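Student: Compact mmCIF, C-alpha atoms, file coords09.txt:
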```txt
# COMPACT_ATOMS: atom_id res chain seq x y z
CA MET V 1 63.65 85.26 11.83
CA ASP V 2 66.41 83.20 13.33
CA PHE V 3 65.74 81.11 16.42
CA TYR V 4 68.24 79.01 18.27
CA VAL V 5 68.29 76.71 21.26
CA ASP V 6 71.06 75.71 23.58
CA ALA V 7 70.70 72.18 24.92
CA ALA V 8 73.39 72.90 27.48
CA SER V 9 71.58 75.88 28.95
CA ARG V 10 69.97 75.70 32.36
CA ALA V 11 66.78 77.03 30.85
CA PRO V 12 64.64 74.26 29.37
CA ILE V 13 64.47 74.28 25.58
CA TYR V 14 60.78 75.14 25.44
CA ARG V 15 61.32 78.13 27.65
CA GLN V 16 64.21 79.40 25.53
CA LEU V 17 62.13 79.24 22.38
CA ALA V 18 59.05 80.79 24.01
CA GLU V 19 61.21 83.64 25.33
CA GLN V 20 62.71 84.33 21.93
CA ILE V 21 59.35 84.46 20.22
CA ARG V 22 57.89 86.68 22.94
CA ALA V 23 60.85 89.05 22.71
CA ALA V 24 60.69 89.14 18.93
CA ILE V 25 57.01 90.04 19.02
CA ALA V 26 57.41 92.58 21.80
CA ARG V 27 60.21 94.33 19.94
CA GLY V 28 58.45 94.29 16.60
CA ARG V 29 61.00 91.97 14.96
CA LEU V 30 58.06 89.66 14.34
CA ARG V 31 55.27 91.86 13.09
CA ALA V 32 51.54 91.36 13.41
CA ASN V 33 50.20 88.72 11.04
CA ALA V 34 53.67 87.44 10.27
CA ARG V 35 53.68 83.72 9.66
CA LEU V 36 55.82 81.55 11.90
CA PRO V 37 57.49 78.41 10.63
CA SER V 38 55.34 75.31 10.91
CA VAL V 39 55.96 72.92 13.78
CA ARG V 40 57.66 70.55 11.37
CA GLU V 41 59.87 73.20 9.84
CA LEU V 42 60.98 74.66 13.11
CA SER V 43 61.63 71.32 14.77
CA ARG V 44 63.74 70.35 11.80
CA ARG V 45 65.64 73.61 11.79
CA LEU V 46 66.37 73.57 15.51
CA VAL V 47 66.77 69.79 15.69
CA ILE V 48 64.34 69.38 18.57
CA ASN V 49 61.31 67.23 19.20
CA PRO V 50 58.27 68.65 17.34
CA ASN V 51 56.20 68.28 20.52
CA THR V 52 58.37 70.93 22.11
CA VAL V 53 57.66 73.39 19.31
CA ALA V 54 53.96 72.55 19.39
CA ARG V 55 53.91 73.15 23.10
CA VAL V 56 55.51 76.58 22.74
CA TYR V 57 53.02 77.58 20.04
CA THR V 58 50.11 76.38 22.18
CA GLU V 59 51.33 78.33 25.18
CA LEU V 60 51.84 81.53 23.20
CA GLU V 61 48.46 81.13 21.57
CA ARG V 62 46.89 80.80 24.99
CA ASP V 63 48.63 84.02 26.00
CA GLY V 64 47.19 85.76 22.97
CA LEU V 65 50.47 86.33 21.13
CA LEU V 66 49.94 83.82 18.35
CA VAL V 67 46.90 82.63 16.48
CA THR V 68 46.40 79.47 14.43
CA ARG V 69 44.57 79.83 11.14
CA PRO V 70 43.47 76.32 10.18
CA GLY V 71 45.09 75.14 7.01
CA LEU V 72 47.24 78.28 6.81
CA GLY V 73 49.56 78.09 9.76
CA VAL V 74 50.56 79.92 12.90
CA PHE V 75 50.63 83.71 12.84
CA VAL V 76 51.50 86.57 15.15
CA ALA V 77 48.27 88.01 16.57
CA SER V 78 47.23 91.56 15.65
CA PRO V 79 48.65 94.04 18.18
CA GLY V 80 45.39 95.87 18.71
CA SER V 81 43.81 93.05 20.67
CA ASP V 82 43.54 93.44 24.43
CA LEU V 83 45.20 90.13 25.00
CA THR V 84 48.47 91.13 23.36
CA LYS V 85 48.56 94.44 25.21
CA LYS V 86 48.00 92.60 28.45
CA ALA V 87 50.70 90.07 27.56
CA ARG V 88 53.18 92.83 26.79
CA ARG V 89 52.44 94.58 30.04
CA GLU V 90 52.86 91.38 32.00
CA ARG V 91 56.22 90.82 30.37
CA LEU V 92 57.46 94.24 31.34
CA VAL V 93 56.14 93.88 34.87
CA ALA V 94 57.99 90.59 35.24
CA LEU V 95 61.20 92.26 34.11
CA LEU V 96 60.60 95.16 36.49
CA ASP V 97 60.12 92.87 39.45
CA GLY V 98 63.35 91.09 38.56
CA PHE V 99 65.10 94.44 38.29
CA PHE V 100 63.84 95.60 41.69
CA THR V 101 64.91 92.32 43.30
CA GLU V 102 68.39 92.70 41.88
CA ALA V 103 68.57 96.32 43.01
CA VAL V 104 67.71 95.30 46.56
CA LEU V 105 70.34 92.55 46.53
CA LEU V 106 72.88 95.09 45.32
CA GLY V 107 71.95 97.37 48.20
CA PHE V 108 70.03 100.16 46.50
CA THR V 109 67.11 102.03 48.04
CA ALA V 110 63.85 102.77 46.26
CA ASP V 111 64.76 106.45 45.92
CA GLU V 112 68.16 105.66 44.43
CA VAL V 113 66.54 103.34 41.93
CA GLN V 114 63.96 105.94 40.94
CA ASP V 115 66.67 108.54 40.34
CA LEU V 116 68.64 106.07 38.30
CA VAL V 117 65.62 105.17 36.18
CA ARG V 118 64.81 108.82 35.57
CA ASP V 119 68.39 109.63 34.50
CA ARG V 120 68.73 106.65 32.17
CA SER V 121 65.29 107.20 30.68
CA ALA V 122 66.21 110.77 29.79
CA GLN V 123 69.26 109.54 27.94
CA PHE V 124 67.49 106.65 26.20
CA GLN V 125 66.34 106.74 22.61
CA TRP V 126 62.65 106.09 23.06
CA GLN V 127 61.07 105.12 19.78
CA ALA V 128 57.48 105.48 18.72
CA PRO V 129 55.80 102.05 18.76
CA ALA V 130 55.67 100.37 15.29
CA MET W 1 48.72 46.63 39.90
CA SER W 2 46.37 44.28 38.14
CA ASP W 3 46.55 45.34 34.47
CA SER W 4 47.67 42.38 32.44
CA PRO W 5 50.57 43.05 30.11
CA ALA W 6 48.39 42.37 27.06
CA ASP W 7 45.99 45.17 28.04
CA ASP W 8 48.79 47.64 28.47
CA ALA W 9 50.02 46.88 24.99
CA LEU W 10 47.07 48.77 23.52
CA ASP W 11 48.71 51.97 24.61
CA ASN W 12 52.19 50.79 25.39
CA VAL W 13 54.45 49.59 22.65
CA ILE W 14 57.13 48.29 25.01
CA VAL W 15 56.18 46.60 28.26
CA THR W 16 58.44 44.77 30.67
CA GLU W 17 57.29 42.97 33.80
CA HIS W 18 59.86 42.17 36.47
CA LEU W 19 62.41 41.73 33.72
CA SER W 20 65.69 40.51 35.18
CA LYS W 21 68.98 39.08 34.08
CA ALA W 22 71.99 37.86 35.99
CA TYR W 23 75.49 37.16 34.80
CA GLY W 24 76.79 34.71 37.36
CA PRO W 25 75.96 35.96 40.83
CA LYS W 26 75.44 39.54 39.69
CA TRP W 27 72.00 40.89 38.73
CA VAL W 28 72.70 43.12 35.78
CA VAL W 29 69.05 44.01 35.28
CA ARG W 30 66.77 43.74 38.28
CA ASP W 31 62.99 43.71 38.31
CA LEU W 32 62.54 46.09 35.41
CA ASN W 33 59.00 47.37 34.87
CA LEU W 34 59.09 49.58 31.84
CA ARG W 35 56.18 51.06 29.87
CA VAL W 36 56.87 52.99 26.71
CA PRO W 37 53.68 54.44 25.21
CA ARG W 38 53.01 54.70 21.50
CA GLY W 39 54.52 57.78 19.88
CA CYS W 40 56.99 58.33 22.69
CA VAL W 41 60.64 59.11 22.13
CA TYR W 42 62.22 57.43 25.13
CA GLY W 43 65.76 58.28 26.15
CA PHE W 44 67.23 55.34 27.99
CA LEU W 45 70.04 56.56 30.20
CA GLY W 46 72.54 55.22 32.65
CA ARG W 47 76.23 54.96 33.26
CA ASN W 48 78.23 52.21 31.62
CA GLY W 49 77.41 48.89 33.22
CA ALA W 50 74.06 50.07 34.57
CA GLY W 51 72.17 47.54 32.48
CA LYS W 52 70.96 49.51 29.45
CA SER W 53 72.54 47.35 26.77
CA THR W 54 71.49 44.14 28.47
CA THR W 55 67.94 45.42 28.67
CA ILE W 56 67.94 46.29 24.99
CA LYS W 57 69.38 42.90 24.12
CA MET W 58 66.57 41.25 26.03
CA LEU W 59 64.00 43.42 24.26
CA LEU W 60 65.39 42.30 20.95
CA GLY W 61 65.45 38.66 21.94
CA MET W 62 69.25 38.50 21.81
CA ALA W 63 69.59 37.63 25.47
CA ARG W 64 67.27 35.48 27.50
CA PRO W 65 65.73 36.94 30.66
CA ASP W 66 66.32 35.06 33.90
CA ALA W 67 63.04 36.34 35.28
CA GLY W 68 60.04 38.31 34.10
CA GLN W 69 59.02 39.04 30.54
CA ALA W 70 59.10 41.70 27.86
CA LEU W 71 56.46 42.51 25.28
CA LEU W 72 56.91 44.44 22.06
CA LEU W 73 53.74 45.53 20.26
CA GLY W 74 51.85 43.22 22.56
CA GLU W 75 53.87 40.08 21.87
CA ASP W 76 56.33 38.28 24.08
CA VAL W 77 59.84 38.94 22.79
CA VAL W 78 60.85 35.31 23.00
CA ALA W 79 58.09 34.39 20.56
CA LEU W 80 57.66 37.30 18.17
CA THR W 81 55.73 36.44 15.03
CA PRO W 82 57.46 37.36 11.75
CA ALA W 83 54.65 39.82 11.03
CA THR W 84 55.38 41.68 14.25
CA ARG W 85 59.11 41.49 13.76
CA ALA W 86 58.65 43.27 10.47
CA ARG W 87 57.20 46.27 12.32
CA ILE W 88 60.30 46.68 14.48
CA ALA W 89 63.72 47.95 13.45
CA TYR W 90 66.84 48.41 15.45
CA MET W 91 70.37 49.71 15.40
CA ALA W 92 72.78 47.71 17.52
CA GLU W 93 75.66 49.27 19.41
CA GLY W 94 78.58 50.06 17.15
CA HIS W 95 76.32 49.63 14.10
CA PRO W 96 77.92 46.37 12.99
CA LEU W 97 77.57 45.56 9.33
CA TYR W 98 78.91 42.47 7.64
CA GLY W 99 82.31 43.77 6.56
CA TRP W 100 82.51 41.53 3.51
CA MET W 101 79.16 42.66 2.13
CA SER W 102 78.84 45.61 -0.15
CA ILE W 103 76.28 48.27 0.68
CA GLY W 104 74.06 46.98 -2.10
CA GLN W 105 74.25 43.47 -0.68
CA ILE W 106 73.43 44.44 2.86
CA VAL W 107 70.49 46.52 1.64
CA ARG W 108 69.13 43.52 -0.26
CA PHE W 109 69.82 41.24 2.69
CA THR W 110 68.03 43.46 5.20
CA ARG W 111 65.19 44.17 2.83
CA SER W 112 64.37 40.48 2.63
CA PHE W 113 63.16 40.53 6.23
CA TYR W 114 60.52 43.16 5.70
CA ASP W 115 57.28 43.49 3.77
CA GLN W 116 57.43 47.26 3.67
CA TRP W 117 60.55 48.90 2.34
CA ASP W 118 61.19 52.43 1.17
CA GLN W 119 63.98 51.89 -1.35
CA PRO W 120 63.82 55.46 -2.71
CA LEU W 121 64.50 56.65 0.83
CA VAL W 122 67.52 54.37 1.11
CA ASP W 123 68.79 55.61 -2.25
CA GLN W 124 68.29 59.17 -1.14
CA ILE W 125 70.28 58.65 2.06
CA LEU W 126 73.09 56.85 0.28
CA ASP W 127 73.16 59.52 -2.37
CA HIS W 128 73.24 62.29 0.21
CA PHE W 129 76.28 60.77 1.87
CA GLU W 130 77.85 59.97 -1.48
CA LEU W 131 77.95 56.26 -0.84
CA SER W 132 77.98 53.81 -3.69
CA LYS W 133 76.30 50.40 -3.60
CA HIS W 134 79.56 48.79 -4.55
CA GLN W 135 81.47 49.97 -1.54
CA LYS W 136 82.36 47.26 0.93
CA CYS W 137 80.92 47.80 4.40
CA GLY W 138 84.24 46.94 5.98
CA ARG W 139 85.84 49.85 4.21
CA LEU W 140 83.40 52.46 5.41
CA SER W 141 84.23 55.00 8.09
CA ARG W 142 82.37 54.89 11.38
CA GLY W 143 80.16 57.75 10.37
CA GLN W 144 79.34 56.12 7.06
CA GLN W 145 78.51 52.86 8.79
CA ALA W 146 76.16 54.69 11.12
CA GLN W 147 74.40 56.30 8.20
CA VAL W 148 73.98 53.01 6.39
CA SER W 149 72.72 51.43 9.60
CA LEU W 150 70.21 54.19 10.08
CA ALA W 151 69.03 53.95 6.49
CA LEU W 152 68.50 50.22 7.01
CA ALA W 153 66.62 50.91 10.23
CA VAL W 154 64.21 53.47 8.78
CA ALA W 155 63.56 51.92 5.38
CA PRO W 156 60.96 49.45 6.65
CA ASP W 157 59.01 52.38 8.08
CA PRO W 158 58.97 50.69 11.48
CA GLU W 159 56.37 51.31 14.17
CA LEU W 160 59.02 50.74 16.77
CA LEU W 161 62.65 51.69 16.49
CA ILE W 162 65.18 50.59 19.10
CA LEU W 163 68.61 52.20 18.98
CA ASP W 164 71.45 51.08 21.22
CA ASP W 165 73.87 53.98 21.60
CA PRO W 166 73.55 54.98 17.96
CA THR W 167 75.95 57.93 18.09
CA LEU W 168 78.81 56.09 19.76
CA GLY W 169 82.06 57.01 18.09
CA LEU W 170 80.54 59.47 15.66
CA ASP W 171 82.14 62.85 15.19
CA THR W 172 80.26 66.03 16.03
CA VAL W 173 78.98 66.69 12.53
CA VAL W 174 77.79 63.16 11.87
CA ARG W 175 76.15 63.09 15.27
CA ARG W 176 74.19 66.24 14.35
CA GLU W 177 73.21 64.77 10.99
CA PHE W 178 72.04 61.66 12.74
CA LEU W 179 69.91 63.71 15.07
CA GLU W 180 68.40 65.57 12.14
CA ALA W 181 67.46 62.26 10.57
CA LEU W 182 65.92 61.20 13.85
CA ILE W 183 63.82 64.37 14.00
CA GLN W 184 62.43 63.65 10.57
CA LEU W 185 61.51 60.19 11.81
CA ILE W 186 59.81 61.53 14.90
CA GLN W 187 57.59 63.74 12.85
CA SER W 188 55.77 60.71 11.58
CA ARG W 189 52.96 60.20 13.97
CA GLY W 190 52.57 57.00 15.92
CA ARG W 191 56.17 55.94 15.63
CA THR W 192 57.85 54.96 18.87
CA ILE W 193 61.56 55.25 19.46
CA LEU W 194 63.64 53.93 22.32
CA PHE W 195 67.28 54.90 22.29
CA SER W 196 70.13 54.75 24.72
CA SER W 197 72.71 57.51 24.67
CA HIS W 198 75.48 59.17 26.61
CA VAL W 199 75.04 62.48 24.87
CA LEU W 200 72.62 64.18 27.20
CA GLY W 201 72.36 67.32 25.09
CA ASP W 202 70.98 65.24 22.24
CA VAL W 203 68.60 63.42 24.57
CA GLU W 204 67.32 66.74 25.88
CA ARG W 205 66.50 67.83 22.36
CA VAL W 206 64.54 64.83 21.24
CA ALA W 207 63.35 62.68 24.13
CA SER W 208 59.87 63.14 25.51
CA ARG W 209 60.46 60.68 28.33
CA ILE W 210 63.60 59.39 29.95
CA GLY W 211 64.50 56.39 32.04
CA VAL W 212 67.63 56.19 34.16
CA MET W 213 69.16 52.86 35.14
CA VAL W 214 71.36 52.74 38.21
CA ASP W 215 73.06 49.44 39.05
CA GLY W 216 70.53 47.38 37.17
CA VAL W 217 67.48 49.12 38.58
CA LEU W 218 65.26 51.65 36.84
CA ARG W 219 65.37 54.59 39.22
CA VAL W 220 63.82 57.26 37.06
CA ASP W 221 60.97 56.98 34.55
CA CYS W 222 59.28 60.27 33.74
CA PRO W 223 58.97 63.09 31.22
CA THR W 224 62.34 64.65 30.42
CA GLU W 225 61.35 67.95 31.89
CA THR W 226 60.08 66.45 35.14
CA PHE W 227 63.51 65.03 35.80
CA ARG W 228 65.18 68.35 35.06
CA GLU W 229 62.81 70.27 37.25
CA SER W 230 62.97 67.79 40.08
CA VAL W 231 66.71 67.57 40.54
CA ARG W 232 68.24 70.59 42.20
CA LYS W 233 71.71 71.40 43.32
CA VAL W 234 71.53 73.46 46.49
CA VAL W 235 74.52 75.35 47.79
CA ALA W 236 74.66 76.84 51.29
CA GLU W 237 77.54 78.98 52.50
CA PHE W 238 78.62 79.19 56.12
CA ASP W 239 80.91 81.46 58.09
CA ASP W 240 83.05 78.53 59.04
CA GLU W 241 83.33 74.80 58.48
CA PRO W 242 79.84 73.61 57.56
CA PRO W 243 78.15 71.12 59.91
CA GLU W 244 77.15 67.62 58.86
CA PHE W 245 73.95 67.57 56.94
CA PRO W 246 71.32 65.70 58.96
CA GLY W 247 69.51 64.49 55.87
CA CYS W 248 66.14 65.33 54.40
CA GLU W 249 63.50 63.89 52.14
CA GLY W 250 64.66 63.46 48.56
CA LEU W 251 68.35 63.80 49.40
CA VAL W 252 70.51 62.21 46.72
CA SER W 253 73.91 63.22 48.07
CA TRP W 254 75.71 65.93 49.96
CA ARG W 255 79.26 67.07 50.51
CA ARG W 256 81.32 69.80 52.06
CA MET W 257 83.24 72.11 49.76
CA GLY W 258 85.32 74.48 51.88
CA VAL W 259 82.83 76.72 53.67
CA GLN W 260 79.95 75.48 51.57
CA LEU W 261 77.54 72.58 51.78
CA GLU W 262 76.46 71.17 48.44
CA LEU W 263 73.30 69.11 48.34
CA VAL W 264 71.69 67.30 45.46
CA VAL W 265 67.98 67.01 46.17
CA VAL W 266 64.94 65.69 44.41
CA ASN W 267 61.79 67.84 44.70
CA TRP W 268 63.28 70.73 46.62
CA SER W 269 60.59 72.37 48.68
CA PRO W 270 60.15 74.70 51.68
CA THR W 271 60.24 71.68 54.03
CA GLN W 272 63.71 70.76 52.93
CA GLN W 273 64.74 74.40 52.82
CA ALA W 274 63.76 74.62 56.51
CA VAL W 275 66.07 71.73 57.35
CA LEU W 276 68.95 73.52 55.67
CA GLU W 277 68.06 76.87 57.21
CA SER W 278 68.13 75.32 60.68
CA LEU W 279 71.89 74.98 60.24
CA GLU W 280 72.06 78.78 59.91
CA PRO W 281 74.00 79.34 56.68
CA ARG W 282 74.77 82.82 55.42
CA TRP W 283 72.88 82.17 52.21
CA ILE W 284 71.24 79.37 50.27
CA ASP W 285 71.10 79.08 46.51
CA ALA W 286 69.03 76.42 44.74
CA VAL W 287 70.23 76.00 41.19
CA GLU W 288 68.36 74.67 38.17
CA LEU W 289 70.35 72.15 36.17
CA ASN W 290 70.34 71.20 32.55
CA LEU W 291 69.73 67.54 31.75
CA GLU W 292 73.39 66.63 31.62
CA ASP W 293 74.21 68.18 34.97
CA ALA W 294 71.04 66.77 36.54
CA PHE W 295 71.97 63.33 35.28
CA ILE W 296 75.55 63.64 36.53
CA GLU W 297 74.52 64.83 39.96
CA TYR W 298 71.90 62.12 40.22
CA THR W 299 74.11 59.23 39.18
CA ARG W 300 77.56 60.16 40.45
CA GLY W 301 76.73 60.06 44.16
CA SER W 302 77.17 56.98 46.28
CA ARG W 303 74.45 54.90 47.93
CA ARG W 304 71.09 56.64 47.92
CA SER W 305 69.53 57.37 44.55
CA VAL W 306 66.01 58.58 45.15
CA PRO W 307 63.41 57.01 42.85
CA LEU W 308 61.51 59.39 40.60
CA PHE W 309 58.42 58.14 38.83
CA ALA W 310 55.76 60.19 37.09
CA ARG W 311 53.05 58.89 34.81
CA GLU W 312 51.65 61.23 32.25
CA THR W 313 48.17 60.83 30.81
CA ARG W 314 48.50 61.40 27.11
CA ARG W 315 45.99 62.62 24.63
CA VAL W 316 47.43 62.48 21.14
CA ASP W 317 46.06 65.37 19.12
CA GLY W 318 48.07 66.05 16.00
CA ALA W 319 51.60 66.54 17.15
CA VAL W 320 50.62 67.99 20.51
CA VAL W 321 50.92 65.80 23.56
CA GLU W 322 49.24 67.30 26.56
CA ARG W 323 50.90 66.59 29.86
CA THR W 324 49.15 66.31 33.17
CA ALA W 325 51.18 65.94 36.36
```
What do you get writing this file as structure tokens?
Tutor:
Amino acid sequence: MDFYVDAASRAPIYRQLAEQIRAAIARGRLRANARLPSVRELSRRLVINPNTVARVYTELERDGLLVTRPGLGVFVASPGSDLTKKARRERLVALLDGFFTEAVLLGFTADEVQDLVRDRSAQFQWQAPA
Amino acid sequence: MSDSPADDALDNVIVTEHLSKAYGPKWVVRDLNLRVPRGCVYGFLGRNGAGKSTTIKMLLGMARPDAGQALLLGEDVVALTPATRARIAYMAEGHPLYGWMSIGQIVRFTRSFYDQWDQPLVDQILDHFELSKHQKCGRLSRGQQAQVSLALAVAPDPELLILDDPTLGLDTVVRREFLEALIQLIQSRGRTILFSSHVLGDVERVASRIGVMVDGVLRVDCPTETFRESVRKVVAEFDDEPPEFPGCEGLVSWRRMGVQLELVVVNWSPTQQAVLESLEPRWIDAVELNLEDAFIEYTRGSRRSVPLFARETRRVDGAVVERTA
């Protein structure tokens, strides 16, 4: 699993990394019980302060996406747990709110947006969850 | 503030109290009160001539303060005991090495100052960069000199490492390799690093706290992220020529750009937004900045640089540093 950070980005480094891990988990690229690189490994790979990595792991653990197994490492939490379902829902809701805001700024009405969503959804390749 | 400097040293590896230096009539460093806690990676920033190098020279006892004092590991810098000196390593600007010495000679020379010395580590670094002990320092490229300098700085496994613009003149690849070496260093708990740099992208990656010097005065001293989050560039567009900006709290600078007003503000909030809205712009956009842009906006403006100080209470728990504030 390849992570990257862009020091020149407007998004702070910790946020970039947290986003990537969240997205990877949500999309199944990082499967349940997969082991993440250790804080040391990842900070070395990305050339960033290990505290930043530790902070991201702590935050994601608090949100129920990761779990630390003492002596073993940091792992992706099992998907069945309520916390991960809740976290996934929250993520999608955040994206939806952003989408609605943009639609309003672009001058669309609620009805127009609903029609658009329905049309695109019909064309989209919905997959069964992993 | 009544804490004596010696008390602070328990938690703070570098302490300065009203540290000042003048060259002739000009105060190059003015009333500097710096606290660098143990384990911190402190990015020391400022434009050329802002006083960073002079500060570092004073910390290393290479320049005498005209006022105030500086303590490293609890001891006054003008009277460091050899035992304490052996716990501190530094890389001076331009990484000067005695040109006439061979690498082997300078390693032996430097080693003689320290009780602890990781020679296998030095050998490993030299080997990695394909440097032979017989090569003369004067014949090395800039990048090679930097690598030798860094090897010499880390070999004594120092508690405190002070680096004065260590990547100056290095090409992109060597600069990245240097940063990688620094990361490995940081991973050792309890080690404190203070470094000055102009490469803000690098600072953003590794520094946990930053300090910004402006005209000899420390204007910013806070966690890296706090600075980023606090400095905003706000753009407001008008139908016509924008009015003069009446000013607001935390204003660093402002200017007119065609039909737009550009403000640089510290701690942008609804109060300040109200001031801008009272001028009736068509729209307002407050933009987040990366560290480099935040630094540029903060230091390029004229007169008023708004001070930004934030203490963090630290609880060291493994590699995690919890931040409050």
Student: Got a sec to check which residues sit within 8 Å of (49.9, 88.3, 14.8), counting all atoms listed in the file, and write them as an NGL selection string?
Tutor: :V and (31-35 or 65-67 or 75-79)
Student: I'd like the neighbourhood of region 269-272 of chain W as a ChimeraX atom specification, where a residue qualifies if any of its atoms comes within 9 Å (using all atoms listed in the file), though same-chain residues fewer than 2 positions away should be ignored.
Tutor: /W:248-250,265,267,274-277
Student: Return the neighbours of chain V among the residues of chain W, cut-off 8 Å, counting only C-alpha atoms, as a VMD selection string.
Tutor: chain W and resid 179 to 180 183 to 184 186 to 187 201 to 202 204 to 208 225 288 to 292 319 to 321
Student: Which residues are close to region 95-98 of chain V, i.e. within 12 Å by only C-alpha atoms, leaving aside same-chain residues fewer than 6 positions away? Reply as a list of chain:residue names.
Tutor: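 Result of the neighbour search: V:Ala23, V:Arg88, V:Arg89, V:Val104, V:Leu105, V:Val113, V:Val117.
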Student: Using all atoms listed in the file, which of W:Val235, W:Met101, W:Met62, W:Val252 sits nearest Ala286 (chain W)?
Tutor: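 Smallest distance to Ala286 (chain W) is found for W:Val235.
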Student: With 12 Å as the cut-off and all atoms listed in the file counted, what is the closest atom pair between each nearby residue of region 117-232 of chain W and region 69-81 of chain W? Distances in Å to one decimal, ordered by chain and number, as JSON lines.
Tutor:
```
{"residue": "W:Pro158", "atom": "CA", "partner": "W:Leu73", "partner_atom": "CA", "distance": 11.4}
{"residue": "W:Glu159", "atom": "CA", "partner": "W:Leu73", "partner_atom": "CA", "distance": 8.8}
{"residue": "W:Leu160", "atom": "CA", "partner": "W:Leu73", "partner_atom": "CA", "distance": 8.2}
{"residue": "W:Leu161", "atom": "CA", "partner": "W:Leu72", "partner_atom": "CA", "distance": 10.8}
{"residue": "W:Ile162", "atom": "CA", "partner": "W:Leu72", "partner_atom": "CA", "distance": 10.7}
{"residue": "W:Arg191", "atom": "CA", "partner": "W:Leu73", "partner_atom": "CA", "distance": 11.6}
{"residue": "W:Thr192", "atom": "CA", "partner": "W:Leu73", "partner_atom": "CA", "distance": 10.4}
{"residue": "W:Leu194", "atom": "CA", "partner": "W:Leu72", "partner_atom": "CA", "distance": 11.6}
```
Student: What's the separation between CA of Leu152 (chain W) and CA of Leu45 (chain W), in Å to one decimal place?
Tutor: 24.1 Å
Student: May I ask for the distance between CA of Ser53 (chain W) and CA of Ala151 (chain W), given in Å to one decimal place?
Tutor: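 Pair CA of Ser53 (chain W) / CA of Ala151 (chain W) returns 21.6 Å.
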Student: When you draw a straight line from CA of Leu42 (chain V) to CA of Gln16 (chain V), how long is it in Å?
Tutor: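 Between these atoms lies a distance of 13.7 Å.
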Student: Residues at most 10 Å from Pro281 (chain W), counting all atoms listed in the file, excluding those fewer than 4 positions away in the same chain, as an mmCIF file with C-alpha atoms, in the coordinates of the input?
Tutor:
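Output file out.cif follows:
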```
data_model
loop_
_atom_site.group_PDB
_atom_site.id
_atom_site.type_symbol
_atom_site.label_atom_id
_atom_site.label_comp_id
_atom_site.auth_asym_id
_atom_site.auth_seq_id
_atom_site.Cartn_x
_atom_site.Cartn_y
_atom_site.Cartn_z
ATOM 1 C CA VAL W 235 74.520 75.350 47.790
ATOM 2 C CA ALA W 236 74.660 76.840 51.290
ATOM 3 C CA GLU W 237 77.540 78.980 52.500
ATOM 4 C CA PHE W 238 78.620 79.190 56.120
ATOM 5 C CA ASP W 239 80.910 81.460 58.090
ATOM 6 C CA ASP W 240 83.050 78.530 59.040
ATOM 7 C CA PRO W 242 79.840 73.610 57.560
ATOM 8 C CA PRO W 243 78.150 71.120 59.910
ATOM 9 C CA VAL W 259 82.830 76.720 53.670
ATOM 10 C CA GLN W 260 79.950 75.480 51.570
ATOM 11 C CA LEU W 261 77.540 72.580 51.780
ATOM 12 C CA LEU W 276 68.950 73.520 55.670
ATOM 13 C CA GLU W 277 68.060 76.870 57.210
#
```
Student: For a quick check of understanding, using only C-alpha atoms, which of V:Asp2, V:Ala87, V:Leu60, V:Gln114 has the smallest distance to Phe99 (chain V)?
Tutor: V:Gln114
Student: Which residue, W:Ala181, W:Pro65, W:Thr299, W:Arg256, has the smallest gap to Val231 (chain W) when you use only C-alpha atoms?
Tutor: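 Selected residue with least distance to Val231 (chain W): W:Thr299.
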Student: Enclose region 87-90 of chain V, meaning all of its atoms listed in the file, in a box aligned along x, y and z, pad it by 4 Å on each side, and list the centre and edge lengths in Å to one decimal, as JSON.
Tutor:
```
{"center_x": 51.9, "center_y": 92.3, "center_z": 29.4, "size_x": 10.5, "size_y": 12.5, "size_z": 13.2}
```
Student: Using the incomplete input, complete region 165-172 of chain W to the level of N, CA and C atoms; output as a compact mmCIF listing (two decimals), in the frame of the given file.
Tutor:
```
# COMPACT_ATOMS: atom_id res chain seq x y z
N ASP W 165 72.74 53.06 21.69
CA ASP W 165 73.87 53.98 21.60
C ASP W 165 74.25 54.28 20.16
N PRO W 166 73.32 54.83 19.40
CA PRO W 166 73.55 54.98 17.96
C PRO W 166 74.62 55.99 17.59
N THR W 167 74.96 56.92 18.48
CA THR W 167 75.95 57.93 18.09
C THR W 167 77.33 57.64 18.66
N LEU W 168 77.51 56.45 19.20
CA LEU W 168 78.81 56.09 19.76
C LEU W 168 79.89 56.19 18.70
N GLY W 169 80.93 56.94 19.00
CA GLY W 169 82.06 57.01 18.09
C GLY W 169 81.88 57.93 16.90
N LEU W 170 80.74 58.58 16.81
CA LEU W 170 80.54 59.47 15.66
C LEU W 170 81.10 60.84 15.96
N ASP W 171 81.63 61.50 14.93
CA ASP W 171 82.14 62.85 15.19
C ASP W 171 80.96 63.83 15.30
N THR W 172 81.28 65.03 15.72
CA THR W 172 80.26 66.03 16.03
C THR W 172 79.28 66.27 14.88
```
